[in-house]
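Colleague: Got model_3.cif for you, mmCIF, C-alpha atoms:
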data_entry
#
loop_
_atom_site.label_atom_id
_atom_site.label_comp_id
_atom_site.auth_asym_id
_atom_site.auth_seq_id
_atom_site.Cartn_x
_atom_site.Cartn_y
_atom_site.Cartn_z
CA MET A 1490 2.37 -18.74 96.36
CA THR A 1491 2.68 -15.20 95.05
CA ASP A 1492 1.36 -13.77 91.78
CA LYS A 1493 2.51 -10.91 89.62
CA LYS A 1494 0.47 -7.83 90.41
CA VAL A 1495 0.37 -4.21 89.23
CA ILE A 1496 -1.18 -1.77 91.68
CA THR A 1497 -1.41 1.98 92.13
CA VAL A 1498 -0.28 3.65 95.30
CA ASN A 1499 -3.57 5.48 95.78
CA GLU A 1500 -5.82 2.42 95.56
CA ILE A 1501 -4.73 1.31 99.03
CA PRO A 1502 -5.82 3.68 101.81
CA PHE A 1503 -3.67 4.90 104.66
CA GLY A 1504 -4.33 3.62 108.14
CA PRO A 1505 -3.45 5.51 111.31
CA VAL A 1506 -0.23 4.83 113.21
CA ALA A 1507 1.02 6.65 116.30
CA TRP A 1508 3.48 8.69 114.21
CA GLY A 1509 1.17 9.56 111.27
CA ARG A 1510 -0.36 7.39 108.55
CA SER A 1511 0.90 4.26 106.86
CA LYS A 1512 -0.05 1.65 104.25
CA ILE A 1513 1.46 -1.61 103.05
CA LEU A 1514 1.43 -2.19 99.27
CA VAL A 1515 3.56 -5.33 99.01
CA GLY A 1516 3.89 -7.77 101.88
CA PRO A 1517 3.45 -11.25 103.30
CA THR A 1518 -0.10 -10.92 104.66
CA ALA A 1519 -3.21 -9.71 102.85
CA THR A 1520 -3.91 -6.69 105.04
CA HIS A 1521 -5.84 -5.18 102.10
CA PRO A 1522 -7.35 -6.97 99.06
CA GLY A 1523 -5.32 -4.70 96.75
CA LEU A 1524 -1.98 -5.63 98.32
CA ALA A 1525 0.58 -7.63 96.33
CA LEU A 1526 1.45 -10.76 98.31
CA ALA A 1527 5.22 -11.31 98.57
CA GLU A 1528 7.58 -13.66 100.32
CA HIS A 1529 10.76 -11.68 100.92
CA ILE A 1530 9.97 -8.00 100.62
CA ARG A 1531 7.54 -5.58 102.23
CA VAL A 1532 6.95 -2.18 100.63
CA GLY A 1533 4.78 0.56 102.05
CA VAL A 1534 4.32 4.29 102.33
CA THR A 1535 4.48 6.22 105.58
CA GLU A 1536 3.47 9.81 106.15
CA TYR A 1537 5.27 11.05 109.27
CA ASN A 1538 3.43 13.70 111.31
CA PRO A 1539 5.88 16.33 112.64
CA ASP A 1540 3.89 16.61 115.88
CA THR A 1541 4.15 12.93 116.82
CA PRO A 1542 7.62 11.56 115.99
CA HIS A 1543 7.95 7.86 116.66
CA GLU A 1544 10.12 6.58 119.46
CA PRO A 1545 13.47 4.89 118.78
CA HIS A 1546 12.91 1.27 117.78
CA ALA A 1547 14.67 -1.58 115.99
CA HIS A 1548 13.68 -4.47 113.73
CA PRO A 1549 15.66 -7.58 114.71
CA GLY A 1550 16.71 -9.53 111.63
CA GLN A 1551 15.10 -7.07 109.21
CA GLU A 1552 16.66 -4.34 107.07
CA GLU A 1553 14.86 -1.13 106.14
CA VAL A 1554 15.26 1.47 103.41
CA ILE A 1555 13.48 4.82 103.81
CA TRP A 1556 13.15 6.62 100.45
CA VAL A 1557 11.84 10.17 100.92
CA LEU A 1558 9.22 11.31 98.41
CA SER A 1559 8.18 14.65 99.91
CA GLY A 1560 8.74 16.78 103.00
CA ARG A 1561 11.76 17.02 105.25
CA GLY A 1562 12.87 15.32 108.42
CA TYR A 1563 15.65 13.28 109.94
CA THR A 1564 16.75 9.80 110.94
CA GLU A 1565 18.34 9.54 114.38
CA THR A 1566 20.43 6.76 115.92
CA HIS A 1567 21.97 7.06 119.39
CA GLY A 1568 21.24 10.81 119.38
CA GLU A 1569 22.93 11.46 116.03
CA ARG A 1570 20.67 13.00 113.40
CA GLN A 1571 21.00 12.95 109.62
CA ASP A 1572 18.76 15.08 107.41
CA LEU A 1573 16.15 13.52 105.15
CA PHE A 1574 14.66 15.29 102.12
CA PRO A 1575 13.27 14.32 98.70
CA GLY A 1576 15.91 12.35 96.83
CA ALA A 1577 17.54 11.08 100.03
CA LEU A 1578 17.31 7.52 101.25
CA ALA A 1579 18.37 5.93 104.52
CA TYR A 1580 19.51 2.32 104.87
CA ILE A 1581 18.90 0.92 108.39
CA PRO A 1582 20.68 -2.38 109.20
CA SER A 1583 18.74 -5.08 111.01
CA GLY A 1584 18.58 -4.59 114.76
CA LEU A 1585 19.86 -1.00 114.77
CA GLU A 1586 17.93 1.44 116.95
CA HIS A 1587 16.57 4.32 114.91
CA LYS A 1588 13.96 7.05 115.00
CA THR A 1589 12.46 8.83 111.99
CA ALA A 1590 10.70 12.18 112.19
CA ALA A 1591 9.31 14.93 110.01
CA VAL A 1592 10.18 18.57 110.60
CA GLY A 1593 7.69 21.41 110.08
CA ALA A 1594 5.27 19.54 107.80
CA PRO A 1595 4.47 15.90 107.07
CA MET A 1596 7.21 13.85 105.40
CA THR A 1597 6.19 11.00 103.08
CA ALA A 1598 8.52 8.10 102.34
CA ILE A 1599 8.53 4.70 100.71
CA ILE A 1600 9.42 2.12 103.34
CA MET A 1601 11.10 -1.05 102.06
CA LYS A 1602 11.87 -3.93 104.42
CA SER A 1603 13.41 -7.33 103.98
CA PRO A 1604 12.83 -10.05 105.09
CA ALA A 1605 9.11 -9.25 104.94
CA ALA A 1606 8.69 -9.99 108.65
CA ASP A 1607 11.23 -9.37 111.40
CA ALA A 1608 12.84 -12.09 113.53
CA THR A 1609 9.85 -12.08 115.90
CA GLY A 1610 7.41 -12.62 113.02
CA LYS A 1611 6.16 -9.06 113.23
CA VAL A 1612 5.12 -7.28 110.02
CA SER A 1613 5.22 -3.57 110.77
CA MET B 394 28.59 -6.24 108.45
CA THR B 395 26.37 -3.42 107.27
CA ASP B 396 26.21 0.14 108.58
CA LYS B 397 23.47 2.72 108.63
CA LYS B 398 23.91 5.07 105.70
CA VAL B 399 22.05 8.08 104.30
CA ILE B 400 22.67 8.78 100.63
CA THR B 401 21.15 10.90 97.90
CA VAL B 402 19.97 9.37 94.65
CA ASN B 403 22.02 11.76 92.54
CA GLU B 404 25.39 11.09 94.19
CA ILE B 405 25.60 7.71 92.49
CA PRO B 406 25.94 7.93 88.70
CA PHE B 407 24.04 5.85 86.18
CA GLY B 408 25.86 3.19 84.26
CA PRO B 409 24.79 1.92 80.83
CA VAL B 410 22.71 -1.23 80.43
CA ALA B 411 21.33 -2.66 77.19
CA TRP B 412 17.87 -1.26 77.94
CA GLY B 413 18.89 2.22 79.16
CA ARG B 414 20.73 3.35 82.30
CA SER B 415 20.83 1.90 85.79
CA LYS B 416 22.39 2.41 89.22
CA ILE B 417 22.43 0.44 92.45
CA LEU B 418 22.03 2.48 95.65
CA VAL B 419 21.65 -0.29 98.24
CA GLY B 420 23.08 -3.76 97.66
CA PRO B 421 25.37 -6.58 98.71
CA THR B 422 28.52 -5.53 96.82
CA ALA B 423 30.28 -2.16 96.85
CA THR B 424 29.84 -1.37 93.16
CA HIS B 425 30.23 2.33 94.06
CA PRO B 426 31.82 3.87 97.21
CA GLY B 427 28.57 5.76 97.88
CA LEU B 428 26.42 2.61 97.91
CA ALA B 429 24.82 1.42 101.15
CA LEU B 430 25.92 -2.17 101.79
CA ALA B 431 23.01 -4.45 102.64
CA GLU B 432 22.42 -8.15 103.25
CA HIS B 433 18.85 -8.81 102.13
CA ILE B 434 17.72 -5.97 99.90
CA ARG B 435 18.95 -4.37 96.71
CA VAL B 436 17.55 -0.99 95.66
CA GLY B 437 18.36 0.83 92.46
CA VAL B 438 17.03 3.15 89.80
CA THR B 439 16.58 2.20 86.17
CA GLU B 440 15.84 4.52 83.28
CA TYR B 441 14.28 2.46 80.49
CA ASN B 442 14.97 3.66 76.95
CA PRO B 443 11.87 3.28 74.73
CA ASP B 444 14.05 2.36 71.75
CA THR B 445 15.75 -0.63 73.41
CA PRO B 446 13.25 -2.59 75.56
CA HIS B 447 14.86 -5.43 77.44
CA GLU B 448 14.13 -9.02 76.53
CA PRO B 449 11.93 -11.22 78.74
CA HIS B 450 13.96 -12.54 81.68
CA ALA B 451 13.47 -14.01 85.14
CA HIS B 452 15.30 -13.87 88.48
CA PRO B 453 15.26 -17.33 90.08
CA GLY B 454 14.72 -17.08 93.82
CA GLN B 455 14.47 -13.29 93.79
CA GLU B 456 11.44 -11.00 93.98
CA GLU B 457 11.27 -7.60 92.31
CA VAL B 458 9.19 -4.48 92.81
CA ILE B 459 9.19 -1.82 90.06
CA TRP B 460 7.99 1.56 91.40
CA VAL B 461 7.50 4.05 88.55
CA LEU B 462 8.74 7.58 89.25
CA SER B 463 8.32 9.17 85.81
CA GLY B 464 7.42 8.27 82.25
CA ARG B 465 5.11 5.57 80.97
CA GLY B 466 5.56 1.99 79.86
CA TYR B 467 4.44 -1.54 80.52
CA THR B 468 5.33 -4.82 82.16
CA GLU B 469 4.73 -7.91 80.03
CA THR B 470 4.54 -11.58 81.02
CA HIS B 471 3.72 -14.33 78.49
CA GLY B 472 2.56 -11.67 76.02
CA GLU B 473 0.17 -9.97 78.44
CA ARG B 474 0.90 -6.29 79.02
CA GLN B 475 -0.07 -4.09 81.96
CA ASP B 476 0.43 -0.32 81.87
CA LEU B 477 2.98 1.38 84.07
CA PHE B 478 2.86 5.10 84.95
CA PRO B 479 3.88 7.32 87.88
CA GLY B 480 2.20 6.03 91.03
CA ALA B 481 2.01 2.47 89.72
CA LEU B 482 4.13 -0.38 91.00
CA ALA B 483 4.59 -3.92 89.75
CA TYR B 484 5.41 -6.90 91.96
CA ILE B 485 7.24 -9.68 90.08
CA PRO B 486 7.44 -13.06 91.88
CA SER B 487 10.73 -14.94 91.85
CA GLY B 488 11.34 -16.92 88.69
CA LEU B 489 8.52 -15.34 86.66
CA GLU B 490 9.42 -14.30 83.13
CA HIS B 491 8.84 -10.59 82.59
CA LYS B 492 9.79 -7.76 80.32
CA THR B 493 9.67 -4.05 81.19
CA ALA B 494 9.62 -1.28 78.60
CA ALA B 495 9.09 2.45 78.24
CA VAL B 496 6.73 3.88 75.66
CA GLY B 497 7.44 7.13 73.81
CA ALA B 498 9.96 8.58 76.24
CA PRO B 499 12.25 7.19 78.95
CA MET B 500 10.55 5.69 82.01
CA THR B 501 12.35 5.89 85.36
CA ALA B 502 11.61 3.48 88.19
CA ILE B 503 12.91 2.43 91.56
CA ILE B 504 13.87 -1.26 91.37
CA MET B 505 13.70 -3.19 94.64
CA LYS B 506 14.85 -6.80 94.83
CA SER B 507 15.07 -9.35 97.59
CA PRO B 508 17.06 -11.43 98.35
CA ALA B 509 19.85 -9.07 97.28
CA ALA B 510 21.25 -11.67 94.87
CA ASP B 511 19.28 -14.23 92.87
CA ALA B 512 19.61 -18.00 93.29
CA THR B 513 22.61 -18.07 90.94
CA GLY B 514 24.43 -15.42 93.00
CA LYS B 515 23.84 -12.78 90.35
CA VAL B 516 23.28 -9.18 91.46
CA SER B 517 21.54 -7.43 88.59
#
Please re-express this file's structure in C-alpha coordinates.

Modeller:
Amino acid sequence: MTDKKVITVNEIPFGPVAWGRSKILVGPTATHPGLALAEHIRVGVTEYNPDTPHEPHAHPGQEEVIWVLSGRGYTETHGERQDLFPGALAYIPSGLEHKTAAVGAPMTAIIMKSPAADATGKVS
Amino acid sequence: MTDKKVITVNEIPFGPVAWGRSKILVGPTATHPGLALAEHIRVGVTEYNPDTPHEPHAHPGQEEVIWVLSGRGYTETHGERQDLFPGALAYIPSGLEHKTAAVGAPMTAIIMKSPAADATGKVS
(Lines of atoms letter the chains of each structure in order from A and count residues from 1; the text may use other names and numbers.)
(Lines give C-alpha, C1' and ligand atoms only; values in the text may rest on other atoms or scores of the structure.)
Protein backbone atom coordinates (compact mmCIF):
# COMPACT_ATOMS: atom_id res chain seq x y z
CA MET A 1 0.00 0.00 0.00
CA THR A 2 1.44 3.34 -1.05
CA ASP A 3 -0.11 6.79 -0.71
CA LYS A 4 0.32 9.98 -2.67
CA LYS A 5 2.80 12.22 -0.91
CA VAL A 6 4.36 15.63 -1.55
CA ILE A 7 7.66 16.23 0.21
CA THR A 8 10.50 18.74 0.05
CA VAL A 9 14.05 17.65 -0.53
CA ASN A 10 15.35 19.49 2.53
CA GLU A 11 12.94 17.96 5.04
CA ILE A 12 14.84 14.67 4.92
CA PRO A 13 18.38 14.89 6.31
CA PHE A 14 21.48 13.42 4.72
CA GLY A 15 23.12 10.44 6.32
CA PRO A 16 26.80 9.57 5.96
CA VAL A 17 28.01 7.07 3.37
CA ALA A 18 31.62 6.11 2.64
CA TRP A 19 31.66 8.33 -0.47
CA GLY A 20 29.89 11.41 0.97
CA ARG A 21 26.30 11.94 2.11
CA SER A 22 23.06 10.42 0.90
CA LYS A 23 19.31 10.42 1.55
CA ILE A 24 16.36 8.44 0.24
CA LEU A 25 13.19 10.44 -0.53
CA VAL A 26 11.07 7.79 -2.25
CA GLY A 27 11.57 4.10 -1.60
CA PRO A 28 10.23 0.76 -0.41
CA THR A 29 11.14 1.01 3.29
CA ALA A 30 10.36 3.81 5.72
CA THR A 31 13.95 4.79 6.51
CA HIS A 32 12.63 8.25 7.52
CA PRO A 33 9.06 9.25 8.50
CA GLY A 34 9.06 11.88 5.73
CA LEU A 35 9.89 9.38 2.98
CA ALA A 36 7.29 8.56 0.31
CA LEU A 37 6.72 4.80 0.32
CA ALA A 38 6.87 3.31 -3.19
CA GLU A 39 6.78 -0.12 -4.77
CA HIS A 40 8.82 0.16 -7.95
CA ILE A 41 11.01 3.23 -7.73
CA ARG A 42 13.61 4.57 -5.32
CA VAL A 43 14.67 8.22 -5.55
CA GLY A 44 17.37 9.84 -3.48
CA VAL A 45 20.05 12.50 -3.44
CA THR A 46 23.74 11.79 -3.09
CA GLU A 47 26.50 14.29 -2.45
CA TYR A 48 29.77 12.76 -3.62
CA ASN A 49 32.89 13.84 -1.72
CA PRO A 50 35.85 14.31 -4.11
CA ASP A 51 38.25 12.94 -1.49
CA THR A 52 36.49 9.58 -1.06
CA PRO A 53 35.26 8.26 -4.42
CA HIS A 54 33.29 5.06 -4.12
CA GLU A 55 34.68 1.80 -5.41
CA PRO A 56 33.32 0.17 -8.59
CA HIS A 57 30.11 -1.69 -7.81
CA ALA A 58 27.02 -3.06 -9.57
CA HIS A 59 23.33 -3.47 -8.76
CA PRO A 60 22.13 -6.86 -10.05
CA GLY A 61 18.65 -6.57 -11.52
CA GLN A 62 18.39 -2.85 -10.83
CA GLU A 63 18.78 0.13 -13.17
CA GLU A 64 20.11 3.51 -12.06
CA VAL A 65 19.89 7.05 -13.39
CA ILE A 66 22.28 9.67 -12.01
CA TRP A 67 20.99 13.21 -12.69
CA VAL A 68 23.61 15.82 -11.76
CA LEU A 69 22.30 18.91 -9.95
CA SER A 70 25.56 20.64 -9.03
CA GLY A 71 29.31 20.08 -9.14
CA ARG A 72 31.39 18.08 -11.57
CA GLY A 73 32.67 14.54 -11.70
CA TYR A 74 32.65 11.40 -13.77
CA THR A 75 31.15 7.95 -14.17
CA GLU A 76 33.64 5.17 -14.88
CA THR A 77 33.08 1.65 -16.20
CA HIS A 78 35.97 -0.73 -16.93
CA GLY A 79 38.42 2.19 -16.70
CA GLU A 80 36.54 4.39 -19.18
CA ARG A 81 35.45 7.74 -17.79
CA GLN A 82 32.66 10.04 -18.97
CA ASP A 83 32.27 13.56 -17.58
CA LEU A 84 29.34 14.50 -15.39
CA PHE A 85 28.17 18.09 -14.86
CA PRO A 86 24.89 19.92 -14.18
CA GLY A 87 22.42 19.02 -16.91
CA ALA A 88 24.05 15.65 -17.59
CA LEU A 89 22.54 12.33 -16.63
CA ALA A 90 23.96 8.82 -16.71
CA TYR A 91 21.89 5.68 -17.27
CA ILE A 92 23.49 2.57 -15.70
CA PRO A 93 22.01 -0.79 -16.81
CA SER A 94 21.37 -3.44 -14.18
CA GLY A 95 24.43 -5.44 -13.23
CA LEU A 96 26.97 -3.14 -14.92
CA GLU A 97 30.04 -2.28 -12.88
CA HIS A 98 30.36 1.47 -12.39
CA LYS A 99 32.04 4.04 -10.20
CA THR A 100 30.90 7.63 -9.66
CA ALA A 101 33.14 10.38 -8.35
CA ALA A 102 33.27 14.12 -7.85
CA VAL A 103 36.23 16.18 -9.01
CA GLY A 104 37.54 19.20 -7.09
CA ALA A 105 34.40 19.88 -5.04
CA PRO A 106 31.35 17.89 -3.97
CA MET A 107 28.98 16.79 -6.74
CA THR A 108 25.27 16.45 -5.93
CA ALA A 109 22.97 14.23 -7.98
CA ILE A 110 19.49 12.79 -7.92
CA ILE A 111 19.77 9.00 -7.86
CA MET A 112 16.84 7.10 -9.37
CA LYS A 113 16.70 3.31 -9.21
CA SER A 114 14.22 0.72 -10.36
CA PRO A 115 13.17 -1.82 -9.21
CA ALA A 116 13.26 -0.23 -5.75
CA ALA A 117 15.47 -3.03 -4.41
CA ASP A 118 18.12 -4.96 -6.31
CA ALA A 119 17.99 -8.70 -7.02
CA THR A 120 19.49 -9.47 -3.60
CA GLY A 121 16.79 -7.42 -1.84
CA LYS A 122 19.24 -4.65 -1.03
CA VAL A 123 17.98 -1.05 -0.98
CA SER A 124 21.04 1.16 -1.39
CA MET B 1 19.54 -5.09 -24.13
CA THR B 2 20.38 -1.72 -22.62
CA ASP B 3 23.73 0.07 -22.61
CA LYS B 4 25.26 2.61 -20.29
CA LYS B 5 24.73 6.08 -21.67
CA VAL B 6 25.56 9.62 -20.58
CA ILE B 7 23.39 12.32 -22.11
CA THR B 8 22.68 15.99 -21.54
CA VAL B 9 19.16 17.24 -20.94
CA ASN B 10 19.39 19.82 -23.71
CA GLU B 11 20.44 17.45 -26.50
CA ILE B 12 16.93 16.01 -26.66
CA PRO B 13 14.32 18.51 -27.89
CA PHE B 14 10.91 19.07 -26.36
CA GLY B 15 7.87 17.91 -28.22
CA PRO B 16 4.40 19.43 -27.82
CA VAL B 17 1.82 17.91 -25.50
CA ALA B 18 -1.65 19.27 -24.73
CA TRP B 19 -0.46 20.67 -21.39
CA GLY B 20 2.87 22.17 -22.54
CA ARG B 21 6.10 20.54 -23.74
CA SER B 22 7.69 17.23 -22.86
CA LYS B 23 10.69 15.03 -23.64
CA ILE B 24 11.75 11.52 -22.69
CA LEU B 25 15.44 11.06 -21.84
CA VAL B 26 15.44 7.49 -20.52
CA GLY B 27 12.81 4.98 -21.59
CA PRO B 28 11.88 1.69 -23.21
CA THR B 29 11.46 2.88 -26.81
CA ALA B 30 13.90 4.88 -28.94
CA THR B 31 11.69 7.92 -29.46
CA HIS B 32 14.87 9.95 -30.09
CA PRO B 33 18.35 8.67 -31.10
CA GLY B 34 19.84 10.41 -28.05
CA LEU B 35 17.56 8.63 -25.57
CA ALA B 36 19.01 6.09 -23.13
CA LEU B 37 17.15 2.80 -23.59
CA ALA B 38 15.99 1.31 -20.30
CA GLU B 39 13.90 -1.63 -19.12
CA HIS B 40 12.34 -0.52 -15.85
CA ILE B 41 12.50 3.26 -15.63
CA ARG B 42 11.34 6.16 -17.75
CA VAL B 43 12.72 9.64 -17.06
CA GLY B 44 11.66 12.81 -18.81
CA VAL B 45 11.16 16.52 -18.42
CA THR B 46 7.81 18.26 -18.70
CA GLU B 47 7.18 21.97 -18.94
CA TYR B 48 3.61 22.64 -17.82
CA ASN B 49 1.88 25.60 -19.44
CA PRO B 50 -0.28 27.51 -16.91
CA ASP B 51 -2.90 28.20 -19.58
CA THR B 52 -3.54 24.54 -20.46
CA PRO B 53 -3.50 22.36 -17.31
CA HIS B 54 -3.89 18.70 -18.08
CA GLU B 55 -7.03 16.84 -17.13
CA PRO B 56 -7.08 14.36 -14.22
CA HIS B 57 -5.63 11.02 -15.34
CA ALA B 58 -4.11 7.87 -13.89
CA HIS B 59 -1.41 5.39 -14.90
CA PRO B 60 -2.56 1.85 -14.06
CA GLY B 61 0.31 -0.23 -12.71
CA GLN B 62 2.81 2.62 -12.96
CA GLU B 63 4.23 4.92 -10.29
CA GLU B 64 5.28 8.50 -10.93
CA VAL B 65 7.57 10.98 -9.20
CA ILE B 66 7.33 14.67 -10.17
CA TRP B 67 10.49 16.58 -9.13
CA VAL B 68 10.03 20.33 -9.63
CA LEU B 69 13.03 22.15 -11.12
CA SER B 70 11.53 25.61 -11.70
CA GLY B 71 8.23 27.45 -11.53
CA ARG B 72 5.27 26.87 -9.25
CA GLY B 73 2.09 24.86 -9.48
CA TYR B 74 0.11 22.14 -7.80
CA THR B 75 -0.82 18.48 -7.87
CA GLU B 76 -4.52 17.73 -7.39
CA THR B 77 -6.27 14.47 -6.51
CA HIS B 78 -10.05 14.29 -5.95
CA GLY B 79 -10.18 18.09 -5.74
CA GLU B 80 -7.46 18.37 -3.10
CA ARG B 81 -4.50 20.51 -4.13
CA GLN B 82 -0.94 20.47 -2.80
CA ASP B 83 1.57 23.15 -3.78
CA LEU B 84 4.55 22.36 -5.95
CA PHE B 85 7.69 24.54 -6.11
CA PRO B 86 11.42 24.03 -6.71
CA GLY B 87 12.73 21.51 -4.20
CA ALA B 88 9.35 19.78 -3.86
CA LEU B 89 8.56 16.37 -5.26
CA ALA B 90 5.30 14.47 -5.54
CA TYR B 91 4.99 10.68 -5.44
CA ILE B 92 1.90 9.40 -7.29
CA PRO B 93 0.96 5.74 -6.64
CA SER B 94 -0.04 3.58 -9.58
CA GLY B 95 -3.64 4.01 -10.64
CA LEU B 96 -4.32 7.14 -8.59
CA GLU B 97 -6.13 9.94 -10.39
CA HIS B 98 -4.09 13.13 -10.43
CA LYS B 99 -3.77 16.41 -12.23
CA THR B 100 -0.65 18.58 -12.38
CA ALA B 101 -0.69 22.27 -13.27
CA ALA B 102 1.51 25.35 -13.32
CA VAL B 103 0.37 28.63 -11.81
CA GLY B 104 1.25 31.99 -13.33
CA ALA B 105 4.24 30.88 -15.40
CA PRO B 106 5.49 27.57 -16.81
CA MET B 107 6.59 24.95 -14.28
CA THR B 108 9.34 22.51 -15.28
CA ALA B 109 9.73 19.13 -13.61
CA ILE B 110 11.61 15.89 -13.96
CA ILE B 111 9.08 13.09 -14.46
CA MET B 112 10.17 9.63 -13.31
CA LYS B 113 7.98 6.60 -13.92
CA SER B 114 8.31 2.92 -13.17
CA PRO B 115 7.63 0.43 -14.66
CA ALA B 116 8.68 2.14 -17.89
CA ALA B 117 5.28 1.44 -19.47
CA ASP B 118 1.92 1.34 -17.70
CA ALA B 119 -0.28 -1.77 -17.44
CA THR B 120 -1.80 -1.06 -20.87
CA GLY B 121 1.65 -0.89 -22.48
CA LYS B 122 1.44 2.88 -22.86
CA VAL B 123 4.63 4.93 -22.52
CA SER B 124 3.54 8.47 -21.71

Colleague: Written as a PyMOL selection string, which residues does the PyMOL selection byres ((chain B) within 6 of (chain A)) give for the file shown?

Modeller: chain B and resi 397-402+433+480-486+507

Colleague: Can you give me, as number ranges by chain, the residues this file yields under the PyMOL selection byres ((chain A and resi 1539-1544) around 6)?

Modeller: A: 1508, 1538, 1545, 1588, 1590-1595

Colleague: Under the PyMOL selection byres ((chain B and resi 414) around 9), which residues of this model are included? Write them out as a PyMOL selection string.

Modeller: chain B and resi 407-413+415-416+438-442

Colleague: Go ahead and compute the interatomic distance for atom CA of A:Gly1584 and atom CA of B:Ala423, in Å to one decimal.

Modeller: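 Atom-to-atom, atom CA of A:Gly1584 to atom CA of B:Ala423, that is 21.5 Å.
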
Colleague: How big is the axis-aligned box, and where does its centre sit, when it encloses all atoms of stretch 414-419 of chain B listed in the file and has 4 Å added on every side, reported in Å to one decimal as AutoDock Vina command-line options?

Modeller:
--center_x 21.6 --center_y 1.5 --center_z 90.3 --size_x 9.7 --size_y 11.6 --size_z 23.9
